[in-house]
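Below: the structure, in structure tokens.
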Amino acid sequence: MQPEKKRVEFTGILLGVLLLLSGCGGKTDVRPVGGETDRTGFIFPEYCDVTIPCNIAPLNFYYTEPEGKHFVTTFTAGEHSFRQKGREVCWREKDWARLLSAHTDIRVESSYLAGGRQESFTWVIHVSEDPIDPCLTYRLIEPGFEVWDDLEIVERNLESFQTRLLSDWSHTANNCMNCHIHSQARGDLSMFYIRGKNGGAILNRNGSLRKLTLKDSSMISPTVYGEIHPAGRFGVFSTNIIVPGIHSFRGKRMEVFDTASDLCVADFDNNRMLTFPASARKDVFETFPVFSADGNYVYYCAAPARQLPAQVEQMHYSLVRVPFDAQTGSLGALADTLWSAHANAGSVCHPKASPDGRWLLFTLADYGTFPINHPECDLRMLNLQTGEILTLDAVNADKSDTYHSWSSNSRWFAFASKRGDGMFGKPYFSHVSPDGTCGKPFLLPQKDPHFYDNMLRSFNVPDLGDAPVSFDVGQVGRLWKDTPSEPFD
Amino acid sequence: MPGKKVKWIIGISLATLLLVAGGSQVYFLLRYPYFREYARINGVNLVQARETWGHPSEISEVAMGLAVEASRENWEAVARIAAKDRKSEVGTYYYNLANAMKGQLADRLMDYYQPFERGLFLPVGEKSQPFVIACASDVWFALGEMSMAERDAMLGMLFSPAHNGSRYLKRLAETNLVTGNYETASKYLRMLANSPADRKWALERFPETNWSPEYRERIERKRALLPRFDLVHGMDQTQLTLRVLLNSNPSNKMALDYLLCFDLLTKNLDAFVADYAPSLTSSHLYEEAMLIFLTAKGGMNEENFRHYNIREETVRRFNRFVSIYQRDKGSSQNIVGEFGKTYWYYFYYAARKEKS
């Protein structure tokens with residue numbers, strides 16, 4: 001009997017040690033909190049009154065009151081009720097699933113003791129019946145100005161905490177990689193770039209992976225920004241001479257601007273690049289082209305050329321549209337201006353059409369083409385049926401909100417926001433109701449509620465996908481290493 | 001009985017081994033204290049440090065000592081360690097910075113190995129070593145240029161082994177405290193507060209209620225140096241960056257000295273004369289440089305000597321330098337001993353080594 005007792009004691013001690021080591025029992029200092037810090041709410045992530053989809057992973061969070069104790073949180077949805085104790089609120093996935101299965105909003109009661117006083121709050125998590133696409137791809141990058149190290153492109157399952165690597169530095173000799181984008185959130189149609197030696201555009205079409213050199217001798221650079229046509233044969237791109245600079249004024253950090261940019265179309269079936277005299281004018285810069293939902297138009301941003309960097313604050317891009325011929329891949333010569341930078345103050349970046357054709361989401365900054373470093377930069381939504389532009393007050397924050405993408409059902413969009421710390425882009429999601437009303441966005445939940453406290457990388461271009469892409473980091477590594485890039489002419 | 005003896009021998013052997021291993025570790029830690037501290041502020045243990053930087057040596061101890069003491073802003077120690085350095089860019093960089101903190105950058109510039117402008121501002125580019133990049137932020141922070149200080153700290157962290165060393169987090173926190181970006185600073189401070197070694201440092205810097213009068217003064221002093229207008233410039237436009245600083249704060253003597261020394265180390269006398277303000281700074285270095293310029297422009301007269309605060313003794317020495325130079329047809333043989341630590345010697349004899 002004696003040895004068994006000892007074993008029980010030893011197991012208890014071991015469990016205690018493991019618990020401490022795992023961080024669950026460890027004490028994390030949450031300071032600083034409050035005004036003028038990146039933790040202004042009483043919980044983080046700030047999930048009060050957000051709208052979430054019915055298929056999202058558990059919203060784990062922690063209380064930010066540094067001196068608080070005896071935290072108790074009660075969640076109630078329909079007949080289900082769950083009570084959790086402690087500063088960190090971490091869900092078992094099956095309990096969270098039961099809560100969501102009530103198909104109703106979740107009422108939350110929070111209480112804790114702080115400074116001898118009992119604090120109590122009641123708040124709500126709105127649950128939408130509209131599911132969000134289950135996959136999110138993003139590039140993890142340190143906001144390291146013009147250089148990079150240890151890049152990763154990751155696919156996250158939004159219904160759980162699972163992630164997998166799509167491409168990373170270790171399989172591609174630490175070459176630069178640009179972000180992975182889906183065409184209309186399709187997991188079977190997507191692309192990204194690996195730059196440098198052995199690099200190329202990595203095209204994922206119906207499960208087949210190709211490496212392409214999207215450049216011909218007439219282009220000013222390889223392709224940069226762009227999108228794949230819904231039918232999959234063509235892609236529309238900008239070619240940009242990109243120059244980084246730095247602001248001298250307090251905390252404005254890096255500015256990136258183009259000293260030249262044009263549009264082109266890639267024909268993936270015939271390995272041809274199509275360029276257009278109308279967009280090759282030196283006195284006008286064109287960038288950020290994307291297709292309309294039906295593929296009959298290309299939206300892009302255009303601005304008159306300026307002397308740079310001296311006149312960078314006068315770089316104001318308008319939102320324009322040209323017809324696209326899906327048979328020949330040609331762009332129309334005459335562009336419609338949908339939002340005039342001349343008539344309005346500001347500069348449009350990153351237009352993105354919703355798959356249902358109702359909306360065009362874009363970023364509005366004071367100037368330029370690098371909104372991620374512009375705190376004033378906000379999202380706007382153009383109603384393509386009425387021409388009305390919605391300001392999305394419920395969505396935007398006092399820091400940069402940009403790099404957005406649509407869910408395939410057009411009911412959700414993801415975007416990168418620097419709200420809070422102002423330095424690191426984090427993925428948020430907002431619900432769009434049929435009339436265009438957007439819900440308060442919520443931050444991508446993580447298993448460890450302190451995940452973002454210790455994260456020193458930005459989630460770059462969070463892009464929603466309706467299914468996992470069919471490739472992984474190993475395939476991309478082999479393609480990069482062993483397969484020559486297909487030339488285009 | 002024999003089994004017992006074997007066990008005893010094994011026990012003694014193991015104890016000896018442990019003792020030797022422990023002793024060698026203690027010896028290692030005592031011999032290379034800066035290696036250990038440099039590893040700590042980079043967020044790695046000694047094994048990872050050896051994997052990253054190799055086995056420590058006297059040379060690495062000097063380089064890491066400079067970086068460690070600079071991170072503590074212990075400029076006396078930096079100057080002392082720099083004296084042991086043997087012609088490295090990082091050594092010169094910290095030698096110059098330590099002198100600049102005492103207002104002696106120009107006076108002591110020619111006393112030391114100067115690899116042209118790279119001894120003032122470390123090159124941060126594709127070919128730069130991560131160790132060098134990690135040091136580049138220090139001079140910008142001292143000068144009050146927080147955009148560049150933050151940028152170089154971020155790059156230093158990006159290329160460091162753990163990507164989260166306290167050396168970088170502290171600099172990033174402070175640059176943002178100076179610029180008033182408290183939200184950003186609080187992220188770094190929270191990370192530091194969760195590290196036992198840096199907890200106190202972080203808690204004392206939570207904005208702004210925890211600031212001591214001394215710390216508040218430090219921040220205010222830095223803020224007074226910040227540029228007051230915005231200009232977008234290239235990352236490598238050093239002179240322009242310094243001129244922006246000076247345009248906002250002409251009394252930033254350290255920035256002025258760095259600009260003038262930059263002009264002189266790049267042998268750009270036209271820029272030097274344009275940037276030189278004799279009423280704001282003075283040094284025998286500047287007198288020497290002005291004499292080369294005035295000779296070339298035919299301006300060797302009393303009026304100019306007075307205007308540029310050039311002493312008679314400097315003119316006399318310059319004339320002697322010129323006479324030997326002309327007599328020996330440019331040979332440095334009879335010049336180096338007497339004039340080896342003058343700008344004249346540097347100007348006429350220092351040549352860039354082109355790196356392959």
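Starting from 1 in every chain, residues are counted up; chains themselves are A, B, ... following the order of the structure tokens, and ligands are numbered from 1 as listed.
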
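In plain terms, chain B touches chain A through Ser147, Met154, Leu155, Thr179, Tyr182, Glu183, Thr184, Ser186, Arg190, Asn194, Pro227, Phe229, Asp230, Leu231, Val232, His233 and Gly234 of chain B, where touching means an atom at most 6 Å away, counting only C-alpha atoms.
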
Keeping only N, CA and C atoms, write the selected residues to a file as a CSV table (one decimal), in the first residue's frame.
```
chain,number,residue,atom,x,y,z
B,147,SER,N,12.5,57.3,-35.6
B,147,SER,CA,12.1,56.5,-36.7
B,147,SER,C,13.2,55.5,-37.1
B,154,MET,N,14.0,47.0,-34.9
B,154,MET,CA,13.1,46.0,-35.4
B,154,MET,C,13.9,45.0,-36.3
B,155,LEU,N,14.8,45.6,-37.1
B,155,LEU,CA,15.6,44.7,-38.0
B,155,LEU,C,16.6,43.9,-37.2
B,179,THR,N,8.1,58.8,-28.7
B,179,THR,CA,7.2,59.4,-29.7
B,179,THR,C,5.8,59.5,-29.3
B,182,TYR,N,2.1,55.3,-26.9
B,182,TYR,CA,2.0,54.5,-25.7
B,182,TYR,C,1.4,53.1,-26.0
B,183,GLU,N,0.4,53.0,-26.9
B,183,GLU,CA,-0.2,51.7,-27.2
B,183,GLU,C,0.8,50.7,-27.7
B,184,THR,N,1.7,51.2,-28.5
B,184,THR,CA,2.7,50.3,-29.0
B,184,THR,C,3.7,49.9,-27.9
B,186,SER,N,3.2,49.8,-24.8
B,186,SER,CA,2.7,48.9,-23.8
B,186,SER,C,2.8,47.4,-24.2
B,190,ARG,N,4.7,44.9,-21.7
B,190,ARG,CA,4.0,43.8,-21.1
B,190,ARG,C,4.9,42.5,-21.3
B,194,ASN,N,6.9,40.3,-18.0
B,194,ASN,CA,6.7,38.9,-17.8
B,194,ASN,C,8.0,38.1,-17.8
B,227,PRO,N,12.3,65.3,-34.7
B,227,PRO,CA,12.0,66.2,-35.9
B,227,PRO,C,10.6,66.8,-35.7
B,229,PHE,N,9.0,68.3,-38.3
B,229,PHE,CA,8.2,68.3,-39.5
B,229,PHE,C,8.5,66.9,-40.2
B,230,ASP,N,7.6,66.6,-41.2
B,230,ASP,CA,7.7,65.3,-41.8
B,230,ASP,C,8.4,65.4,-43.1
B,231,LEU,N,9.2,64.4,-43.4
B,231,LEU,CA,9.8,64.3,-44.7
B,231,LEU,C,10.0,62.8,-44.9
B,232,VAL,N,9.6,62.3,-46.1
B,232,VAL,CA,9.8,60.9,-46.4
B,232,VAL,C,11.2,60.8,-47.2
B,233,HIS,N,12.0,60.0,-46.6
B,233,HIS,CA,13.3,59.8,-47.3
B,233,HIS,C,13.7,58.4,-47.3
B,234,GLY,N,14.8,58.1,-48.1
B,234,GLY,CA,15.3,56.7,-48.2
B,234,GLY,C,15.9,56.3,-46.9
```

Neighbours of Ala67 (chain B) within 9 Å (only C-alpha atoms; same-chain residues fewer than 5 positions away dropped), as number ranges by chain? B: 34, 38, 62, 72, 78, 90, 94, 134-135

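If you count only C-alpha atoms and ignore residues fewer than 6 places along the chain from Asn206 (chain A), what sits within 10 Å of it is Arg186, Gly187, Asp188, Leu189, Ser190, Gly232, Val469 and Ser470 of chain A.
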
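Residues lying within 7 Å of Arg156 (chain A), counting only C-alpha atoms and ignoring same-chain neighbours fewer than 2 positions away, are Cys135, Leu136, Thr137, Val154, Leu158, Gln162, Thr163 and Arg164 of chain A.
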
Could you check how far CA of Ser340 (chain A) sits from CA of Ser318 (chain A), in Å to one decimal? 4.9 Å

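You can rank B:Ser251, B:Gln114, B:Thr16, B:Ser160 by their closest distance to Gln129 (chain B) using only C-alpha atoms, and at the top of that list sits B:Ser160.
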
So that I can check the secondary structure, give me every residue of region 148-343 of chain B assigned alpha helix (DSSP H) by backbone DSSP, as a ChimeraX atom specification. /B:148-158,166-179,182-193,199-203,213-223,238-248,253-265,269-275,284-297,302-307,312-327,336-339,343

Residue with the minimum atom-to-atom distance to Thr241 (chain B), picked from B:Pro161, B:Met146, B:Ile335, B:His284 with only C-alpha atoms counted, is B:Met146

Please give the complete set of residues from region 247-443 of chain A that DSSP, run on the backbone, assigns to strand (DSSP E), formatted as a PyMOL selection string. chain A and resi 247+254-267+272-275+284-291+297-304+318-323+336-339+347-353+359-365+378-383+389-390+401-406+412-417+426-431+442-443

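For the atom pair formed by CA of Ile389 (chain A) and CA of Cys438 (chain A), the distance is 13.1 Å, given to one decimal.
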
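Nearest to Arg139 (chain A) of all the residues A:Leu379, A:Leu151, A:Ile43, A:Ile241 is A:Leu151, based on only C-alpha atoms.
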
Residues within 7 Å of Asp152 (chain B), please, as a ChimeraX atom specification. Count only C-alpha atoms; anything in the same chain fewer than 4 positions from it doesn't count. /B:133,136-137,148,156

Prev. selection, N, CA and C atoms, output as a compact mmCIF listing (two decimals), in the first residue's frame:
```txt
# COMPACT_ATOMS: atom_id res chain seq x y z
N ILE B 133 23.78 44.69 -37.66
CA ILE B 133 22.44 45.28 -37.74
C ILE B 133 21.88 45.52 -36.34
N ALA B 136 22.95 48.80 -34.86
CA ALA B 136 22.78 50.03 -35.63
C ALA B 136 21.82 51.03 -35.02
N SER B 137 20.92 50.55 -34.18
CA SER B 137 19.90 51.44 -33.61
C SER B 137 20.48 52.42 -32.59
N MET B 148 14.37 55.98 -37.25
CA MET B 148 15.48 55.11 -37.63
C MET B 148 15.87 54.18 -36.48
N GLY B 156 17.14 44.52 -36.12
CA GLY B 156 18.02 43.76 -35.25
C GLY B 156 17.30 42.56 -34.65
```

Would you pick out the contacts of region 172-178 of chain B at 9 Å or less, using only C-alpha atoms, so that residues sharing its chain but fewer than 3 positions from it are not included, and give the list as a VMD selection string? (chain A and resid 250 to 251) or (chain B and resid 141 145 to 147 149 to 151 153 to 154 167 to 169 181 to 189 202 205 207 219 to 220 222 to 223 226)

With N, CA and C atoms retained, could you export that selection as a PDB file, in the first residue's frame?
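The resulting file, out_19.pdb, is shown below:
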```
ATOM      1  N   ARG A 250       7.375  61.902 -35.859  1.00  0.00           N
ATOM      2  CA  ARG A 250       7.236  60.955 -34.764  1.00  0.00           C
ATOM      3  C   ARG A 250       6.261  59.798 -35.038  1.00  0.00           C
ATOM      4  N   GLY A 251       6.875  58.641 -35.128  1.00  0.00           N
ATOM      5  CA  GLY A 251       6.071  57.428 -35.137  1.00  0.00           C
ATOM      6  C   GLY A 251       5.322  57.131 -36.418  1.00  0.00           C
TER       7      GLY A 251
ATOM      8  N   PHE B 141      19.148  56.332 -31.686  1.00  0.00           N
ATOM      9  CA  PHE B 141      18.440  56.617 -30.433  1.00  0.00           C
ATOM     10  C   PHE B 141      19.139  57.750 -29.687  1.00  0.00           C
ATOM     11  N   GLU B 145      16.696  60.377 -33.259  1.00  0.00           N
ATOM     12  CA  GLU B 145      15.985  60.013 -34.486  1.00  0.00           C
ATOM     13  C   GLU B 145      15.243  58.691 -34.239  1.00  0.00           C
ATOM     14  N   MET B 146      14.010  58.787 -33.751  1.00  0.00           N
ATOM     15  CA  MET B 146      13.311  57.592 -33.289  1.00  0.00           C
ATOM     16  C   MET B 146      12.808  56.706 -34.432  1.00  0.00           C
ATOM     17  N   SER B 147      12.527  57.299 -35.596  1.00  0.00           N
ATOM     18  CA  SER B 147      12.069  56.458 -36.718  1.00  0.00           C
ATOM     19  C   SER B 147      13.160  55.476 -37.114  1.00  0.00           C
ATOM     20  N   ALA B 149      15.787  54.692 -35.247  1.00  0.00           N
ATOM     21  CA  ALA B 149      16.123  53.853 -34.097  1.00  0.00           C
ATOM     22  C   ALA B 149      15.158  52.677 -34.003  1.00  0.00           C
ATOM     23  N   GLU B 150      13.885  52.946 -34.227  1.00  0.00           N
ATOM     24  CA  GLU B 150      12.895  51.872 -34.171  1.00  0.00           C
ATOM     25  C   GLU B 150      13.095  50.897 -35.324  1.00  0.00           C
ATOM     26  N   ARG B 151      13.336  51.465 -36.488  1.00  0.00           N
ATOM     27  CA  ARG B 151      13.526  50.610 -37.666  1.00  0.00           C
ATOM     28  C   ARG B 151      14.717  49.671 -37.473  1.00  0.00           C
ATOM     29  N   ALA B 153      16.140  48.758 -34.646  1.00  0.00           N
ATOM     30  CA  ALA B 153      15.875  47.808 -33.555  1.00  0.00           C
ATOM     31  C   ALA B 153      14.990  46.673 -34.054  1.00  0.00           C
ATOM     32  N   MET B 154      14.026  47.030 -34.870  1.00  0.00           N
ATOM     33  CA  MET B 154      13.134  46.003 -35.414  1.00  0.00           C
ATOM     34  C   MET B 154      13.911  45.045 -36.319  1.00  0.00           C
ATOM     35  N   ARG B 167      16.930  43.156 -25.414  1.00  0.00           N
ATOM     36  CA  ARG B 167      17.672  44.293 -25.957  1.00  0.00           C
ATOM     37  C   ARG B 167      16.809  45.066 -26.957  1.00  0.00           C
ATOM     38  N   TYR B 168      16.096  44.328 -27.796  1.00  0.00           N
ATOM     39  CA  TYR B 168      15.294  44.947 -28.852  1.00  0.00           C
ATOM     40  C   TYR B 168      13.959  45.445 -28.286  1.00  0.00           C
ATOM     41  N   LEU B 169      13.370  44.631 -27.406  1.00  0.00           N
ATOM     42  CA  LEU B 169      12.077  45.022 -26.847  1.00  0.00           C
ATOM     43  C   LEU B 169      12.208  46.320 -26.044  1.00  0.00           C
ATOM     44  N   ASN B 181       3.770  57.000 -28.673  1.00  0.00           N
ATOM     45  CA  ASN B 181       2.950  55.864 -29.097  1.00  0.00           C
ATOM     46  C   ASN B 181       2.850  54.870 -27.937  1.00  0.00           C
ATOM     47  N   TYR B 182       2.068  55.260 -26.941  1.00  0.00           N
ATOM     48  CA  TYR B 182       2.010  54.450 -25.717  1.00  0.00           C
ATOM     49  C   TYR B 182       1.362  53.079 -25.963  1.00  0.00           C
ATOM     50  N   GLU B 183       0.439  53.029 -26.912  1.00  0.00           N
ATOM     51  CA  GLU B 183      -0.209  51.737 -27.182  1.00  0.00           C
ATOM     52  C   GLU B 183       0.826  50.721 -27.651  1.00  0.00           C
ATOM     53  N   THR B 184       1.711  51.178 -28.532  1.00  0.00           N
ATOM     54  CA  THR B 184       2.743  50.265 -29.033  1.00  0.00           C
ATOM     55  C   THR B 184       3.722  49.926 -27.920  1.00  0.00           C
ATOM     56  N   ALA B 185       4.129  50.949 -27.172  1.00  0.00           N
ATOM     57  CA  ALA B 185       5.083  50.710 -26.087  1.00  0.00           C
ATOM     58  C   ALA B 185       4.541  49.707 -25.089  1.00  0.00           C
ATOM     59  N   SER B 186       3.249  49.782 -24.818  1.00  0.00           N
ATOM     60  CA  SER B 186       2.679  48.918 -23.777  1.00  0.00           C
ATOM     61  C   SER B 186       2.773  47.444 -24.173  1.00  0.00           C
ATOM     62  N   LYS B 187       2.725  47.173 -25.451  1.00  0.00           N
ATOM     63  CA  LYS B 187       2.868  45.770 -25.897  1.00  0.00           C
ATOM     64  C   LYS B 187       4.244  45.229 -25.495  1.00  0.00           C
ATOM     65  N   TYR B 188       5.274  46.021 -25.780  1.00  0.00           N
ATOM     66  CA  TYR B 188       6.636  45.567 -25.455  1.00  0.00           C
ATOM     67  C   TYR B 188       6.850  45.527 -23.943  1.00  0.00           C
ATOM     68  N   LEU B 189       6.298  46.513 -23.241  1.00  0.00           N
ATOM     69  CA  LEU B 189       6.474  46.550 -21.782  1.00  0.00           C
ATOM     70  C   LEU B 189       5.820  45.345 -21.126  1.00  0.00           C
ATOM     71  N   ALA B 202      10.613  47.228 -16.778  1.00  0.00           N
ATOM     72  CA  ALA B 202       9.349  47.477 -17.477  1.00  0.00           C
ATOM     73  C   ALA B 202       8.342  48.196 -16.582  1.00  0.00           C
ATOM     74  N   ARG B 205       8.499  51.832 -16.295  1.00  0.00           N
ATOM     75  CA  ARG B 205       8.303  52.619 -17.523  1.00  0.00           C
ATOM     76  C   ARG B 205       6.872  52.621 -18.046  1.00  0.00           C
ATOM     77  N   PRO B 207       3.623  53.890 -18.976  1.00  0.00           N
ATOM     78  CA  PRO B 207       3.290  55.311 -19.123  1.00  0.00           C
ATOM     79  C   PRO B 207       2.019  55.629 -18.340  1.00  0.00           C
ATOM     80  N   ILE B 219      12.841  61.143 -20.928  1.00  0.00           N
ATOM     81  CA  ILE B 219      11.915  61.107 -22.067  1.00  0.00           C
ATOM     82  C   ILE B 219      11.744  62.511 -22.650  1.00  0.00           C
ATOM     83  N   GLU B 220      11.600  63.496 -21.794  1.00  0.00           N
ATOM     84  CA  GLU B 220      11.428  64.862 -22.280  1.00  0.00           C
ATOM     85  C   GLU B 220      12.659  65.328 -23.061  1.00  0.00           C
ATOM     86  N   LYS B 222      14.687  63.469 -24.747  1.00  0.00           N
ATOM     87  CA  LYS B 222      14.653  62.819 -26.067  1.00  0.00           C
ATOM     88  C   LYS B 222      13.607  63.462 -26.968  1.00  0.00           C
ATOM     89  N   ARG B 223      12.485  63.784 -26.370  1.00  0.00           N
ATOM     90  CA  ARG B 223      11.403  64.377 -27.173  1.00  0.00           C
ATOM     91  C   ARG B 223      11.820  65.722 -27.759  1.00  0.00           C
ATOM     92  N   LEU B 226      13.270  65.420 -31.224  1.00  0.00           N
ATOM     93  CA  LEU B 226      12.512  64.828 -32.337  1.00  0.00           C
ATOM     94  C   LEU B 226      12.335  65.817 -33.491  1.00  0.00           C
TER      95      LEU B 226
END
```
